[in-house]
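This is start-v7.cif. It holds mmCIF, N, CA and C atoms.
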```cif
data_work
loop_
_atom_site.group_PDB
_atom_site.id
_atom_site.type_symbol
_atom_site.label_atom_id
_atom_site.label_comp_id
_atom_site.auth_asym_id
_atom_site.auth_seq_id
_atom_site.Cartn_x
_atom_site.Cartn_y
_atom_site.Cartn_z
ATOM 1 N N MET A 1 68.433 4.997 13.536
ATOM 2 C CA MET A 1 67.741 6.275 13.376
ATOM 3 C C MET A 1 66.538 6.046 12.458
ATOM 4 N N ASN A 2 65.390 6.522 12.917
ATOM 5 C CA ASN A 2 64.199 6.358 12.095
ATOM 6 C C ASN A 2 63.976 7.585 11.206
ATOM 7 N N THR A 3 62.948 7.509 10.408
ATOM 8 C CA THR A 3 62.661 8.566 9.434
ATOM 9 C C THR A 3 62.385 9.909 10.105
ATOM 10 N N VAL A 4 61.623 9.896 11.170
ATOM 11 C CA VAL A 4 61.272 11.147 11.861
ATOM 12 C C VAL A 4 62.530 11.820 12.400
ATOM 13 N N GLU A 5 63.390 11.053 13.034
ATOM 14 C CA GLU A 5 64.633 11.617 13.571
ATOM 15 C C GLU A 5 65.499 12.190 12.454
ATOM 16 N N LEU A 6 65.562 11.481 11.343
ATOM 17 C CA LEU A 6 66.352 11.948 10.205
ATOM 18 C C LEU A 6 65.805 13.265 9.665
ATOM 19 N N LEU A 7 64.499 13.343 9.501
ATOM 20 C CA LEU A 7 63.892 14.582 9.001
ATOM 21 C C LEU A 7 64.131 15.743 9.961
ATOM 22 N N LYS A 8 64.064 15.475 11.246
ATOM 23 C CA LYS A 8 64.311 16.536 12.231
ATOM 24 C C LYS A 8 65.754 17.016 12.180
ATOM 25 N N ARG A 9 66.683 16.098 11.978
ATOM 26 C CA ARG A 9 68.096 16.499 11.847
ATOM 27 C C ARG A 9 68.327 17.331 10.591
ATOM 28 N N ILE A 10 67.696 16.918 9.505
ATOM 29 C CA ILE A 10 67.821 17.680 8.255
ATOM 30 C C ILE A 10 67.262 19.083 8.442
ATOM 31 N N LYS A 11 66.093 19.172 9.061
ATOM 32 C CA LYS A 11 65.466 20.480 9.299
ATOM 33 C C LYS A 11 66.374 21.364 10.153
ATOM 34 N N LYS A 12 66.986 20.783 11.174
ATOM 35 C CA LYS A 12 67.889 21.544 12.031
ATOM 36 C C LYS A 12 69.052 22.108 11.218
ATOM 37 N N LYS A 13 69.625 21.303 10.328
ATOM 38 C CA LYS A 13 70.742 21.759 9.486
ATOM 39 C C LYS A 13 70.286 22.861 8.535
ATOM 40 N N LEU A 14 69.091 22.734 7.990
ATOM 41 C CA LEU A 14 68.559 23.772 7.104
ATOM 42 C C LEU A 14 68.392 25.095 7.848
ATOM 43 N N ARG A 15 67.873 25.027 9.068
ATOM 44 C CA ARG A 15 67.703 26.235 9.894
ATOM 45 C C ARG A 15 69.057 26.863 10.228
ATOM 46 N N GLU A 16 70.047 26.025 10.511
ATOM 47 C CA GLU A 16 71.389 26.546 10.797
ATOM 48 C C GLU A 16 71.951 27.280 9.583
ATOM 49 N N GLN A 17 71.745 26.721 8.398
ATOM 50 C CA GLN A 17 72.229 27.357 7.175
ATOM 51 C C GLN A 17 71.521 28.690 6.949
ATOM 52 N N LYS A 18 70.213 28.717 7.187
ATOM 53 C CA LYS A 18 69.449 29.960 7.031
ATOM 54 C C LYS A 18 69.948 31.014 8.011
ATOM 55 N N SER A 19 70.234 30.598 9.235
ATOM 56 C CA SER A 19 70.762 31.532 10.238
ATOM 57 C C SER A 19 72.117 32.080 9.832
ATOM 58 N N ALA A 20 72.945 31.245 9.229
ATOM 59 C CA ALA A 20 74.264 31.699 8.765
ATOM 60 C C ALA A 20 74.115 32.752 7.669
ATOM 61 N N ILE A 21 73.153 32.553 6.791
ATOM 62 C CA ILE A 21 72.902 33.541 5.735
ATOM 63 C C ILE A 21 72.422 34.854 6.351
ATOM 64 N N ALA A 22 71.509 34.758 7.309
ATOM 65 C CA ALA A 22 70.996 35.969 7.968
ATOM 66 C C ALA A 22 72.121 36.706 8.686
ATOM 67 N N GLU A 23 72.983 35.962 9.351
ATOM 68 C CA GLU A 23 74.111 36.579 10.060
ATOM 69 C C GLU A 23 75.026 37.318 9.079
ATOM 70 N N LYS A 24 75.267 36.700 7.939
ATOM 71 C CA LYS A 24 76.099 37.318 6.900
ATOM 72 C C LYS A 24 75.486 38.650 6.451
ATOM 73 N N MET A 25 74.175 38.652 6.284
ATOM 74 C CA MET A 25 73.489 39.872 5.856
ATOM 75 C C MET A 25 73.551 40.943 6.940
ATOM 76 N N ILE A 26 73.300 40.553 8.173
ATOM 77 C CA ILE A 26 73.298 41.508 9.288
ATOM 78 C C ILE A 26 74.675 42.141 9.469
ATOM 79 N N GLU A 27 75.709 41.342 9.307
ATOM 80 C CA GLU A 27 77.073 41.840 9.490
ATOM 81 C C GLU A 27 77.566 42.650 8.287
ATOM 82 N N GLY A 28 76.749 42.730 7.243
ATOM 83 C CA GLY A 28 77.114 43.535 6.082
ATOM 84 C C GLY A 28 78.198 42.924 5.206
ATOM 85 N N ARG A 29 78.237 41.605 5.163
ATOM 86 C CA ARG A 29 79.273 40.938 4.372
ATOM 87 C C ARG A 29 78.836 40.617 2.948
ATOM 88 N N GLU A 30 77.740 41.209 2.512
ATOM 89 C CA GLU A 30 77.313 41.037 1.121
ATOM 90 C C GLU A 30 78.204 41.913 0.239
ATOM 91 N N THR A 31 78.715 41.344 -0.820
ATOM 92 C CA THR A 31 79.639 42.091 -1.664
ATOM 93 C C THR A 31 78.924 42.999 -2.656
ATOM 94 N N ASP A 32 77.730 42.605 -3.079
ATOM 95 C CA ASP A 32 76.971 43.417 -4.019
ATOM 96 C C ASP A 32 75.498 43.009 -3.974
ATOM 97 N N PHE A 33 74.689 43.699 -4.757
ATOM 98 C CA PHE A 33 73.251 43.450 -4.737
ATOM 99 C C PHE A 33 72.915 42.058 -5.244
ATOM 100 N N GLN A 34 73.662 41.567 -6.224
ATOM 101 C CA GLN A 34 73.418 40.223 -6.748
ATOM 102 C C GLN A 34 73.649 39.161 -5.672
ATOM 103 N N SER A 35 74.660 39.324 -4.878
ATOM 104 C CA SER A 35 74.920 38.391 -3.772
ATOM 105 C C SER A 35 73.786 38.433 -2.765
ATOM 106 N N TYR A 36 73.316 39.640 -2.500
ATOM 107 C CA TYR A 36 72.191 39.801 -1.576
ATOM 108 C C TYR A 36 70.958 39.067 -2.104
ATOM 109 N N GLN A 37 70.647 39.287 -3.386
ATOM 110 C CA GLN A 37 69.487 38.636 -3.994
ATOM 111 C C GLN A 37 69.632 37.111 -3.946
ATOM 112 N N LYS A 38 70.822 36.628 -4.220
ATOM 113 C CA LYS A 38 71.074 35.187 -4.189
ATOM 114 C C LYS A 38 70.817 34.642 -2.787
ATOM 115 N N ASP A 39 71.326 35.314 -1.774
ATOM 116 C CA ASP A 39 71.152 34.855 -0.403
ATOM 117 C C ASP A 39 69.688 34.914 0.037
ATOM 118 N N VAL A 40 68.971 35.931 -0.403
ATOM 119 C CA VAL A 40 67.542 36.008 -0.089
ATOM 120 C C VAL A 40 66.822 34.804 -0.705
ATOM 121 N N GLY A 41 67.153 34.491 -1.945
ATOM 122 C CA GLY A 41 66.551 33.338 -2.609
ATOM 123 C C GLY A 41 66.892 32.028 -1.917
ATOM 124 N N LEU A 42 68.145 31.895 -1.515
ATOM 125 C CA LEU A 42 68.547 30.690 -0.787
ATOM 126 C C LEU A 42 67.787 30.554 0.525
ATOM 127 N N ALA A 43 67.669 31.657 1.248
ATOM 128 C CA ALA A 43 66.955 31.635 2.522
ATOM 129 C C ALA A 43 65.486 31.249 2.314
ATOM 130 N N GLN A 44 64.880 31.760 1.262
ATOM 131 C CA GLN A 44 63.490 31.410 0.969
ATOM 132 C C GLN A 44 63.376 29.928 0.619
ATOM 133 N N GLY A 45 64.334 29.422 -0.133
ATOM 134 C CA GLY A 45 64.332 28.001 -0.481
ATOM 135 C C GLY A 45 64.510 27.116 0.740
ATOM 136 N N LEU A 46 65.381 27.520 1.648
ATOM 137 C CA LEU A 46 65.581 26.763 2.878
ATOM 138 C C LEU A 46 64.309 26.754 3.725
ATOM 139 N N GLU A 47 63.633 27.888 3.783
ATOM 140 C CA GLU A 47 62.380 27.966 4.532
ATOM 141 C C GLU A 47 61.315 27.082 3.894
ATOM 142 N N ALA A 48 61.262 27.065 2.570
ATOM 143 C CA ALA A 48 60.300 26.204 1.872
ATOM 144 C C ALA A 48 60.601 24.730 2.144
ATOM 145 N N ALA A 49 61.873 24.377 2.174
ATOM 146 C CA ALA A 49 62.260 22.996 2.472
ATOM 147 C C ALA A 49 61.827 22.611 3.890
ATOM 148 N N CYS A 50 61.986 23.524 4.833
ATOM 149 C CA CYS A 50 61.562 23.263 6.211
ATOM 150 C C CYS A 50 60.049 23.071 6.278
ATOM 151 N N ALA A 51 59.317 23.842 5.509
ATOM 152 C CA ALA A 51 57.857 23.710 5.483
ATOM 153 C C ALA A 51 57.454 22.344 4.933
ATOM 154 N N ILE A 52 58.153 21.874 3.918
ATOM 155 C CA ILE A 52 57.874 20.558 3.353
ATOM 156 C C ILE A 52 58.158 19.469 4.379
ATOM 157 N N ILE A 53 59.249 19.621 5.114
ATOM 158 C CA ILE A 53 59.572 18.648 6.161
ATOM 159 C C ILE A 53 58.484 18.659 7.231
ATOM 160 N N ASP A 54 58.013 19.850 7.623
ATOM 161 C CA ASP A 54 56.940 19.940 8.617
ATOM 162 C C ASP A 54 55.676 19.221 8.131
ATOM 163 N N GLU A 55 55.321 19.431 6.866
ATOM 164 C CA GLU A 55 54.148 18.763 6.294
ATOM 165 C C GLU A 55 54.329 17.246 6.306
ATOM 166 N N THR A 56 55.520 16.809 5.964
ATOM 167 C CA THR A 56 55.810 15.375 5.944
ATOM 168 C C THR A 56 55.727 14.783 7.339
ATOM 169 N N LEU A 57 56.286 15.487 8.324
ATOM 170 C CA LEU A 57 56.218 15.012 9.706
ATOM 171 C C LEU A 57 54.772 14.936 10.195
ATOM 172 N N THR A 58 53.951 15.897 9.797
ATOM 173 C CA THR A 58 52.549 15.895 10.175
ATOM 174 C C THR A 58 51.843 14.680 9.576
ATOM 175 N N LYS A 59 52.118 14.389 8.310
ATOM 176 C CA LYS A 59 51.500 13.233 7.666
ATOM 177 C C LYS A 59 51.950 11.931 8.325
ATOM 178 N N ILE A 60 53.213 11.863 8.702
ATOM 179 C CA ILE A 60 53.706 10.662 9.380
ATOM 180 C C ILE A 60 52.996 10.487 10.707
ATOM 181 N N ASP A 61 52.822 11.595 11.457
ATOM 182 C CA ASP A 61 52.108 11.537 12.741
ATOM 183 C C ASP A 61 50.667 11.081 12.571
ATOM 184 N N GLU A 62 50.024 11.564 11.518
ATOM 185 C CA GLU A 62 48.628 11.200 11.270
ATOM 186 C C GLU A 62 48.485 9.721 10.920
ATOM 187 N N GLU A 63 49.494 9.167 10.265
ATOM 188 C CA GLU A 63 49.448 7.758 9.876
ATOM 189 C C GLU A 63 49.634 6.840 11.070
ATOM 190 N N ASP A 64 50.331 7.319 12.092
ATOM 191 C CA ASP A 64 50.614 6.476 13.271
ATOM 192 C C ASP A 64 49.449 6.376 14.205
#
```

Turn this file's structure into structure tokens for me.
Amino acid sequence: MNTVELLKRIKKKLREQKSAIAEKMIEGRETDFQSYQKDVGLAQGLEAACAIIDETLTKIDEED
């Protein structure tokens, strides 16, 4: 497995985790406002991580 494939797999797992958080929110399984805030922050962090992976993949493509 090369670096690009690894980054794509990581990104896929991050997106799956973000989707699980969104599903939890949609289904109303948040216990309180603090849990909601925590999940919103986690989702934002996961999205930021995906953006970093996208930037890295772009730089790798440009180098090739």

Problem set entry | Residue nearest A:Ala43 - candidates A:Glu62, A:Ala22, A:Thr56, A:Gly28, atoms counted: all atoms listed in the file |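 Ranked by minimum distance to A:Ala43, first place goes to A:Ala22.
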
Problem set entry | Separation of atom C of A:Thr3 from atom N of A:Gly41, in Å and rounded to one decimal |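 So the answer is 27.8 Å.
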
Exercise. Of the candidates A:Ile60, A:Lys12, A:Val4, A:Ile21, which shows the shortest atom-to-atom distance to A:Ser35, using only C-alpha atoms?
Worked result: A:Ile21

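Between atom C of A:Gln34 and atom C of A:Ser19 there is a distance of 17.1 Å.
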
Exercise. So how many Å separate atom CA of A:Leu7 and atom CA of A:Ala20, to one decimal?
Worked result: 20.0 Å

Problem set entry | Close residues, A:Leu14 itself excluded, 8 Å, all atoms listed in the file, min 5 positions apart in chain, as number ranges by chain | A: 8-9, 19-20, 46-47, 49-50

Box in all listed atoms of stretch 36-52 of chain A, axis-aligned, with 5 Å more on each side; write out centre and edge lengths in Å to one decimal as AutoDock Vina command-line options.
```
--center_x 65.4 --center_y 29.6 --center_z 1.0 --size_x 25.9 --size_y 30.3 --size_z 20.5
```
